[in-house]
Amino acid sequence: MLSPFDLLCLAREAGVSTSEAIGRFTIRRGSILKFRDDGACVALDGVRCGVHRGRPLACRLYPLGIERYRAGGDDDRFVTLEAAVGSLGVYGDRGTVDDFLDAQDVGAHLYANGCYAGSSSDLSRTIAATADFDRIVPREFWRCAVREALAESGYDANPLIDATFDLDGFGCARVSDADAVAAHVGVLSEMIRRESHPDILAAAAVMLAVSLGYSPGEVIAD
Ligand code: SF4
């Protein structure tokens with residue numbers, strides 16, 4: 001999974017716009033790293049990562065992953081993933097999890113993802129204000145939202161999802177990473193405030209949450 005900040009980092013390391021990075025490196029509207037038919041990541045250059053300094057959070061964390069919770073109030077947890085074929089799958093040979101996270105320079109990613117949590121809250125509030133759950137069956141409403149967000153083709157146009165990953169297309173080019181995130185969160189907040197279609201908001205809420213590492217069920221339970 002890719003977060004909005006992952007897209008920014010990929011684009012800047014590759015020297016392209018976020019729009020170009022979405023086309024070159026991702027599927028599902030920017031939310032998943034693209035792999036070739038032989039199973040290799042499209043960013044792989046020989047045996048090396050072609051975007052190493054801009055590699056996504058998931059790549060930095062491997063062989064760890066994050067289990068994220070927001071509905072139950074539990075803390076996020078780092079978990080050890082099953083080792084991929086050809087990988088030793090070890091992280092602790094040079095110290096603790098914190099040492100590993102420092103070595104992988106994940107701080108900016110975790111900070112940026114925390115900023116986007118505010119956009120998730122904006123989406124939840126606006127959905128509550130626009131969806132008439134006296135007339136809409138919540139279970140069906142969220143089922144459609146999850147299907148829309150997770151579809152790899154045949155999905156409806158959604159300007160909020162487009163804006164979630166194409167930071168440069170919304171005024172974030174040529175500023176520092178931190179300023180880009182701050183500006184982008186502001187743009188998203190304004191777009192969410194102006195959006196009146198609950199189905200568009202809900203699909204965007206699922207997409208953003210999943211891109212930040214939450215399960216769709218966490219959004220629905222929010
Ligand atoms: S670390 Fe590997 S999977 Fe991640 S972007 Fe680089 S080549 Fe792709």
# chains A, B, ... in the order shown; residues from 1 in each chain; ligands from 1

$ residues_around --residues "Asp168 of chain A" --least-positions-apart "6" --cutoff "8 Å" --atoms "only C-alpha atoms" --output "ChimeraX atom specification"
/A:17-19

$ residues_around --residues "Arg193 of chain A" --least-positions-apart "4" --cutoff "10 Å" --atoms "only C-alpha atoms" --output "list in words"
Asp122, Leu123, Arg125, Thr126, Val187, Leu188, Ser189 and Leu201 of chain A

$ select_by_dssp --residues "segment 35-91 of chain A" --states "strand (DSSP E)" --output "VMD selection string"
chain A and resid 44 to 45 48 to 49 64 to 67 77 to 80

$ write_last_selection --atoms "N, CA and C atoms" --output "mmCIF file, in the first residue's frame"
data_model
loop_
_atom_site.group_PDB
_atom_site.id
_atom_site.type_symbol
_atom_site.label_atom_id
_atom_site.label_comp_id
_atom_site.auth_asym_id
_atom_site.auth_seq_id
_atom_site.Cartn_x
_atom_site.Cartn_y
_atom_site.Cartn_z
ATOM 1 N N LEU A 44 12.309 -1.714 -9.505
ATOM 2 C CA LEU A 44 13.543 -2.481 -9.363
ATOM 3 C C LEU A 44 14.438 -2.204 -10.571
ATOM 4 N N ASP A 45 15.704 -1.891 -10.288
ATOM 5 C CA ASP A 45 16.681 -1.609 -11.333
ATOM 6 C C ASP A 45 17.808 -2.626 -11.183
ATOM 7 N N ARG A 48 18.814 -3.691 -7.573
ATOM 8 C CA ARG A 48 18.724 -2.585 -6.618
ATOM 9 C C ARG A 48 17.405 -1.846 -6.790
ATOM 10 N N CYS A 49 16.965 -1.197 -5.713
ATOM 11 C CA CYS A 49 15.789 -0.339 -5.799
ATOM 12 C C CYS A 49 16.166 0.925 -6.561
ATOM 13 N N LEU A 64 9.142 -5.764 8.901
ATOM 14 C CA LEU A 64 8.094 -5.403 9.859
ATOM 15 C C LEU A 64 6.891 -4.854 9.108
ATOM 16 N N GLY A 65 5.757 -4.890 9.741
ATOM 17 C CA GLY A 65 4.560 -4.223 9.248
ATOM 18 C C GLY A 65 3.910 -3.510 10.418
ATOM 19 N N ILE A 66 2.926 -2.659 10.126
ATOM 20 C CA ILE A 66 2.205 -1.964 11.195
ATOM 21 C C ILE A 66 0.772 -2.478 11.225
ATOM 22 N N GLU A 67 0.325 -2.841 12.411
ATOM 23 C CA GLU A 67 -1.106 -3.076 12.617
ATOM 24 C C GLU A 67 -1.657 -1.799 13.224
ATOM 25 N N ARG A 77 0.797 -1.233 16.392
ATOM 26 C CA ARG A 77 1.814 -2.214 16.766
ATOM 27 C C ARG A 77 2.651 -2.590 15.551
ATOM 28 N N PHE A 78 3.935 -2.760 15.778
ATOM 29 C CA PHE A 78 4.793 -3.298 14.726
ATOM 30 C C PHE A 78 4.797 -4.815 14.853
ATOM 31 N N VAL A 79 4.639 -5.475 13.739
ATOM 32 C CA VAL A 79 4.605 -6.934 13.728
ATOM 33 C C VAL A 79 5.642 -7.435 12.733
ATOM 34 N N THR A 80 6.107 -8.651 12.947
ATOM 35 C CA THR A 80 7.063 -9.264 12.022
ATOM 36 C C THR A 80 6.297 -10.007 10.940
#

$ residues_near_ligand --ligand "ligand 1" --cutoff "7 Å" --atoms "only C-alpha atoms and all ligand atoms" --output "list in words"
Cys41, Val42, Ala43, Leu44, Arg48, Cys49, Gly50, Val51, His52, Arg55, Pro56 and Cys59 of chain A

$ closest_residue --among "A:Ile200, A:Leu8, A:Ala58, A:Ile192" --to "Cys172 of chain A" --atoms "only C-alpha atoms"
A:Leu8

$ residues_around --residues "Leu33 of chain A" --least-positions-apart "3" --cutoff "12 Å" --atoms "only C-alpha atoms" --output "PyMOL selection string"
chain A and resi 1-3+6-7+10+21-30+36+39-44+55-59+211

$ residues_around --residues "segment 147-152 of chain A" --least-positions-apart "2" --cutoff "9 Å" --atoms "only C-alpha atoms" --output "list in words"
Ile27, Arg28, Arg29, Trp142, Arg143, Cys144, Ala145, Gly154, Tyr155, Asp156, Ile161, Ala202, Ala203, Ala204, Ala205, Val206, Met207, Leu208 and Val210 of chain A

$ write_last_selection --atoms "all heavy atoms" --output "short mmCIF file (atom, residue, chain, number, x, y, z; two decimals), in the first residue's frame"
data_model
loop_
_atom_site.label_atom_id
_atom_site.label_comp_id
_atom_site.auth_asym_id
_atom_site.auth_seq_id
_atom_site.Cartn_x
_atom_site.Cartn_y
_atom_site.Cartn_z
N ILE A 27 -0.79 1.09 -9.23
CA ILE A 27 -2.10 0.70 -9.73
C ILE A 27 -3.13 1.22 -8.73
O ILE A 27 -2.77 1.77 -7.69
CB ILE A 27 -2.23 -0.83 -9.91
CG1 ILE A 27 -2.02 -1.56 -8.58
CG2 ILE A 27 -1.25 -1.34 -10.95
CD1 ILE A 27 -2.32 -3.06 -8.63
N ARG A 28 -4.37 0.99 -9.03
CA ARG A 28 -5.50 1.37 -8.17
C ARG A 28 -5.43 2.85 -7.76
O ARG A 28 -5.41 3.19 -6.61
CB ARG A 28 -5.61 0.46 -6.95
CG ARG A 28 -7.03 0.35 -6.45
CD ARG A 28 -7.20 -0.74 -5.41
NE ARG A 28 -6.66 -0.35 -4.13
CZ ARG A 28 -6.56 -1.17 -3.10
NH1 ARG A 28 -6.92 -2.42 -3.21
NH2 ARG A 28 -6.09 -0.74 -1.97
N ARG A 29 -5.31 3.71 -8.79
CA ARG A 29 -5.40 5.17 -8.62
C ARG A 29 -4.26 5.76 -7.78
O ARG A 29 -4.39 6.83 -7.22
CB ARG A 29 -6.74 5.59 -8.00
CG ARG A 29 -7.95 5.02 -8.71
CD ARG A 29 -9.18 5.82 -8.38
NE ARG A 29 -10.27 5.03 -7.89
CZ ARG A 29 -11.53 5.45 -7.82
NH1 ARG A 29 -11.84 6.66 -8.22
NH2 ARG A 29 -12.47 4.68 -7.35
N TRP A 142 -21.56 1.41 3.08
CA TRP A 142 -20.14 1.17 3.26
C TRP A 142 -19.63 0.05 2.37
O TRP A 142 -18.47 0.05 1.93
CB TRP A 142 -19.83 0.90 4.73
CG TRP A 142 -19.87 2.16 5.54
CD1 TRP A 142 -20.77 2.51 6.50
CD2 TRP A 142 -18.96 3.26 5.43
NE1 TRP A 142 -20.49 3.75 6.99
CE2 TRP A 142 -19.38 4.24 6.36
CE3 TRP A 142 -17.85 3.53 4.64
CZ2 TRP A 142 -18.72 5.45 6.51
CZ3 TRP A 142 -17.18 4.74 4.79
CH2 TRP A 142 -17.61 5.69 5.72
N ARG A 143 -20.50 -0.93 2.09
CA ARG A 143 -20.09 -2.00 1.18
C ARG A 143 -19.74 -1.41 -0.19
O ARG A 143 -18.74 -1.76 -0.81
CB ARG A 143 -21.20 -3.04 1.05
CG ARG A 143 -20.77 -4.34 0.35
CD ARG A 143 -21.94 -5.27 0.12
NE ARG A 143 -22.90 -4.74 -0.85
CZ ARG A 143 -22.70 -4.72 -2.16
NH1 ARG A 143 -21.60 -5.24 -2.66
NH2 ARG A 143 -23.61 -4.21 -2.96
N CYS A 144 -20.58 -0.51 -0.68
CA CYS A 144 -20.32 0.16 -1.97
C CYS A 144 -19.04 1.00 -1.89
O CYS A 144 -18.26 1.03 -2.86
CB CYS A 144 -21.51 1.04 -2.35
SG CYS A 144 -22.99 0.14 -2.77
N ALA A 145 -18.85 1.66 -0.77
CA ALA A 145 -17.66 2.51 -0.63
C ALA A 145 -16.39 1.67 -0.68
O ALA A 145 -15.40 2.04 -1.34
CB ALA A 145 -17.73 3.30 0.67
N GLY A 154 -12.85 0.05 -13.58
CA GLY A 154 -14.29 0.19 -13.63
C GLY A 154 -14.89 1.02 -12.51
O GLY A 154 -16.09 0.97 -12.27
N TYR A 155 -14.06 1.80 -11.85
CA TYR A 155 -14.56 2.62 -10.75
C TYR A 155 -15.07 3.97 -11.27
O TYR A 155 -14.77 4.39 -12.39
CB TYR A 155 -13.47 2.84 -9.70
CG TYR A 155 -12.10 3.09 -10.28
CD1 TYR A 155 -11.78 4.27 -10.94
CD2 TYR A 155 -11.12 2.10 -10.19
CE1 TYR A 155 -10.54 4.48 -11.47
CE2 TYR A 155 -9.87 2.29 -10.73
CZ TYR A 155 -9.58 3.49 -11.36
OH TYR A 155 -8.35 3.68 -11.91
N ASP A 156 -15.85 4.63 -10.42
CA ASP A 156 -16.39 5.94 -10.79
C ASP A 156 -15.34 7.02 -10.56
O ASP A 156 -14.45 6.88 -9.72
CB ASP A 156 -17.63 6.26 -9.94
CG ASP A 156 -18.79 5.32 -10.25
OD1 ASP A 156 -18.85 4.81 -11.39
OD2 ASP A 156 -19.62 5.11 -9.35
N ILE A 161 -10.34 11.16 -4.37
CA ILE A 161 -9.31 10.12 -4.48
C ILE A 161 -8.19 10.61 -5.39
O ILE A 161 -7.00 10.42 -5.09
CB ILE A 161 -9.91 8.79 -4.96
CG1 ILE A 161 -10.81 8.20 -3.88
CG2 ILE A 161 -8.81 7.81 -5.36
CD1 ILE A 161 -11.49 6.90 -4.26
N ALA A 202 -17.34 8.72 1.02
CA ALA A 202 -17.10 7.43 1.68
C ALA A 202 -16.03 6.63 0.96
O ALA A 202 -15.16 6.01 1.60
CB ALA A 202 -18.41 6.64 1.74
N ALA A 203 -16.07 6.62 -0.38
CA ALA A 203 -15.01 5.90 -1.12
C ALA A 203 -13.65 6.52 -0.84
O ALA A 203 -12.65 5.81 -0.66
CB ALA A 203 -15.32 5.91 -2.61
N ALA A 204 -13.62 7.86 -0.78
CA ALA A 204 -12.35 8.54 -0.48
C ALA A 204 -11.89 8.24 0.94
O ALA A 204 -10.69 8.09 1.20
CB ALA A 204 -12.50 10.04 -0.68
N ALA A 205 -12.83 8.12 1.87
CA ALA A 205 -12.47 7.80 3.26
C ALA A 205 -11.86 6.42 3.36
O ALA A 205 -10.85 6.21 4.05
CB ALA A 205 -13.72 7.89 4.14
N VAL A 206 -12.44 5.47 2.66
CA VAL A 206 -11.89 4.10 2.68
C VAL A 206 -10.51 4.10 2.03
O VAL A 206 -9.56 3.52 2.55
CB VAL A 206 -12.84 3.12 1.96
CG1 VAL A 206 -12.18 1.75 1.81
CG2 VAL A 206 -14.16 3.00 2.70
N MET A 207 -10.40 4.76 0.87
CA MET A 207 -9.12 4.77 0.17
C MET A 207 -8.03 5.40 1.02
O MET A 207 -6.91 4.85 1.14
CB MET A 207 -9.26 5.54 -1.15
CG MET A 207 -7.98 5.63 -1.94
SD MET A 207 -7.38 4.01 -2.45
CE MET A 207 -8.07 3.93 -4.11
N LEU A 208 -8.31 6.55 1.63
CA LEU A 208 -7.28 7.21 2.44
C LEU A 208 -6.88 6.33 3.63
O LEU A 208 -5.70 6.16 3.92
CB LEU A 208 -7.77 8.57 2.93
CG LEU A 208 -6.78 9.32 3.83
CD1 LEU A 208 -5.46 9.60 3.09
CD2 LEU A 208 -7.38 10.64 4.33
N VAL A 210 -7.10 3.07 4.03
CA VAL A 210 -6.34 1.89 3.62
C VAL A 210 -4.92 2.29 3.23
O VAL A 210 -3.95 1.59 3.55
CB VAL A 210 -7.08 1.18 2.46
CG1 VAL A 210 -6.20 0.10 1.85
CG2 VAL A 210 -8.37 0.56 2.97
#

$ closest_residue --among "A:Ala108, A:Gly213, A:Val185, A:Glu13" --to "Ser121 of chain A" --atoms "only C-alpha atoms"
A:Val185

$ closest_residue --among "A:Glu20, A:Asp134, A:Asp162, A:Glu218" --to "Ser120 of chain A" --atoms "only C-alpha atoms"
A:Glu218

$ closest_residue --among "A:Ile136, A:Ala131, A:Met191, A:Val146" --to "Leu160 of chain A" --atoms "only C-alpha atoms"
A:Met191

$ select_by_dssp --residues "chain A" --states "helix (DSSP H, G or I)" --output "number ranges by chain"
A: 4-14, 18-25, 28-30, 52-54, 57-61, 92-94, 97-103, 107-130, 138-150, 159-165, 168-170, 177-194, 198-211, 216-220

$ residues_around --residues "Gln104 of chain A" --least-positions-apart "4" --cutoff "10 Å" --atoms "only C-alpha atoms" --output "NGL selection string"
:A and (53 or 57 or 59-62 or 98-100)

$ atom_distance --atom1 "atom CA of Asp177 of chain A" --atom2 "atom CA of Arg194 of chain A"
25.7 Å

$ closest_residue --among "A:Ala14, A:Phe5, A:Val85, A:Asp199" --to "His109 of chain A" --atoms "only C-alpha atoms"
A:Phe5

$ atom_distance --atom1 "atom CA of Gly86 of chain A" --atom2 "atom CA of Phe35 of chain A"
16.9 Å

$ decode --residues "segment 107-118 of chain A" --atoms "all heavy atoms" --output "short mmCIF file (atom, residue, chain, number, x, y, z; two decimals), in the first residue's frame"
data_model
loop_
_atom_site.label_atom_id
_atom_site.label_comp_id
_atom_site.auth_asym_id
_atom_site.auth_seq_id
_atom_site.Cartn_x
_atom_site.Cartn_y
_atom_site.Cartn_z
N GLY A 107 10.76 8.33 10.11
CA GLY A 107 10.09 9.38 10.89
C GLY A 107 9.22 10.30 10.07
O GLY A 107 8.09 10.62 10.45
N ALA A 108 9.74 10.74 8.91
CA ALA A 108 8.96 11.67 8.09
C ALA A 108 7.69 11.01 7.57
O ALA A 108 6.64 11.66 7.46
CB ALA A 108 9.81 12.17 6.92
N HIS A 109 7.78 9.73 7.26
CA HIS A 109 6.61 9.01 6.77
C HIS A 109 5.55 8.89 7.86
O HIS A 109 4.36 9.13 7.61
CB HIS A 109 7.01 7.61 6.29
CG HIS A 109 7.73 7.61 4.98
ND1 HIS A 109 7.10 7.34 3.79
CD2 HIS A 109 9.01 7.88 4.69
CE1 HIS A 109 7.98 7.43 2.81
NE2 HIS A 109 9.14 7.74 3.32
N LEU A 110 5.99 8.52 9.06
CA LEU A 110 5.02 8.37 10.15
C LEU A 110 4.41 9.71 10.51
O LEU A 110 3.21 9.81 10.80
CB LEU A 110 5.70 7.73 11.37
CG LEU A 110 6.23 6.30 11.15
CD1 LEU A 110 6.93 5.80 12.41
CD2 LEU A 110 5.10 5.35 10.75
N TYR A 111 5.23 10.77 10.48
CA TYR A 111 4.70 12.10 10.78
C TYR A 111 3.67 12.52 9.72
O TYR A 111 2.58 12.99 10.05
CB TYR A 111 5.84 13.13 10.82
CG TYR A 111 5.33 14.54 10.95
CD1 TYR A 111 4.89 15.02 12.19
CD2 TYR A 111 5.24 15.38 9.84
CE1 TYR A 111 4.38 16.30 12.31
CE2 TYR A 111 4.73 16.66 9.96
CZ TYR A 111 4.31 17.11 11.20
OH TYR A 111 3.79 18.38 11.30
N ALA A 112 4.01 12.33 8.46
CA ALA A 112 3.09 12.72 7.38
C ALA A 112 1.79 11.93 7.49
O ALA A 112 0.69 12.50 7.36
CB ALA A 112 3.74 12.49 6.02
N ASN A 113 1.90 10.63 7.74
CA ASN A 113 0.68 9.83 7.85
C ASN A 113 -0.18 10.31 9.01
O ASN A 113 -1.42 10.27 8.94
CB ASN A 113 1.03 8.35 7.99
CG ASN A 113 1.55 7.75 6.69
OD1 ASN A 113 1.58 8.44 5.67
ND2 ASN A 113 1.94 6.51 6.73
N GLY A 114 0.45 10.76 10.07
CA GLY A 114 -0.31 11.34 11.18
C GLY A 114 -1.05 12.59 10.76
O GLY A 114 -2.19 12.83 11.20
N CYS A 115 -0.43 13.40 9.89
CA CYS A 115 -1.12 14.61 9.40
C CYS A 115 -2.37 14.23 8.61
O CYS A 115 -3.41 14.90 8.71
CB CYS A 115 -0.18 15.42 8.50
SG CYS A 115 1.24 16.13 9.36
N TYR A 116 -2.27 13.17 7.82
CA TYR A 116 -3.42 12.76 7.01
C TYR A 116 -4.54 12.14 7.85
O TYR A 116 -5.67 12.01 7.38
CB TYR A 116 -3.00 11.81 5.90
CG TYR A 116 -2.22 12.51 4.81
CD1 TYR A 116 -0.86 12.36 4.68
CD2 TYR A 116 -2.88 13.38 3.94
CE1 TYR A 116 -0.15 13.03 3.71
CE2 TYR A 116 -2.18 14.06 2.96
CZ TYR A 116 -0.81 13.88 2.85
OH TYR A 116 -0.12 14.56 1.89
N ALA A 117 -4.22 11.76 9.08
CA ALA A 117 -5.29 11.28 9.96
C ALA A 117 -6.33 12.37 10.17
O ALA A 117 -7.52 12.08 10.36
CB ALA A 117 -4.70 10.82 11.29
N GLY A 118 -5.89 13.64 10.14
CA GLY A 118 -6.85 14.74 10.25
C GLY A 118 -7.80 14.77 9.06
O GLY A 118 -8.99 15.10 9.23
#
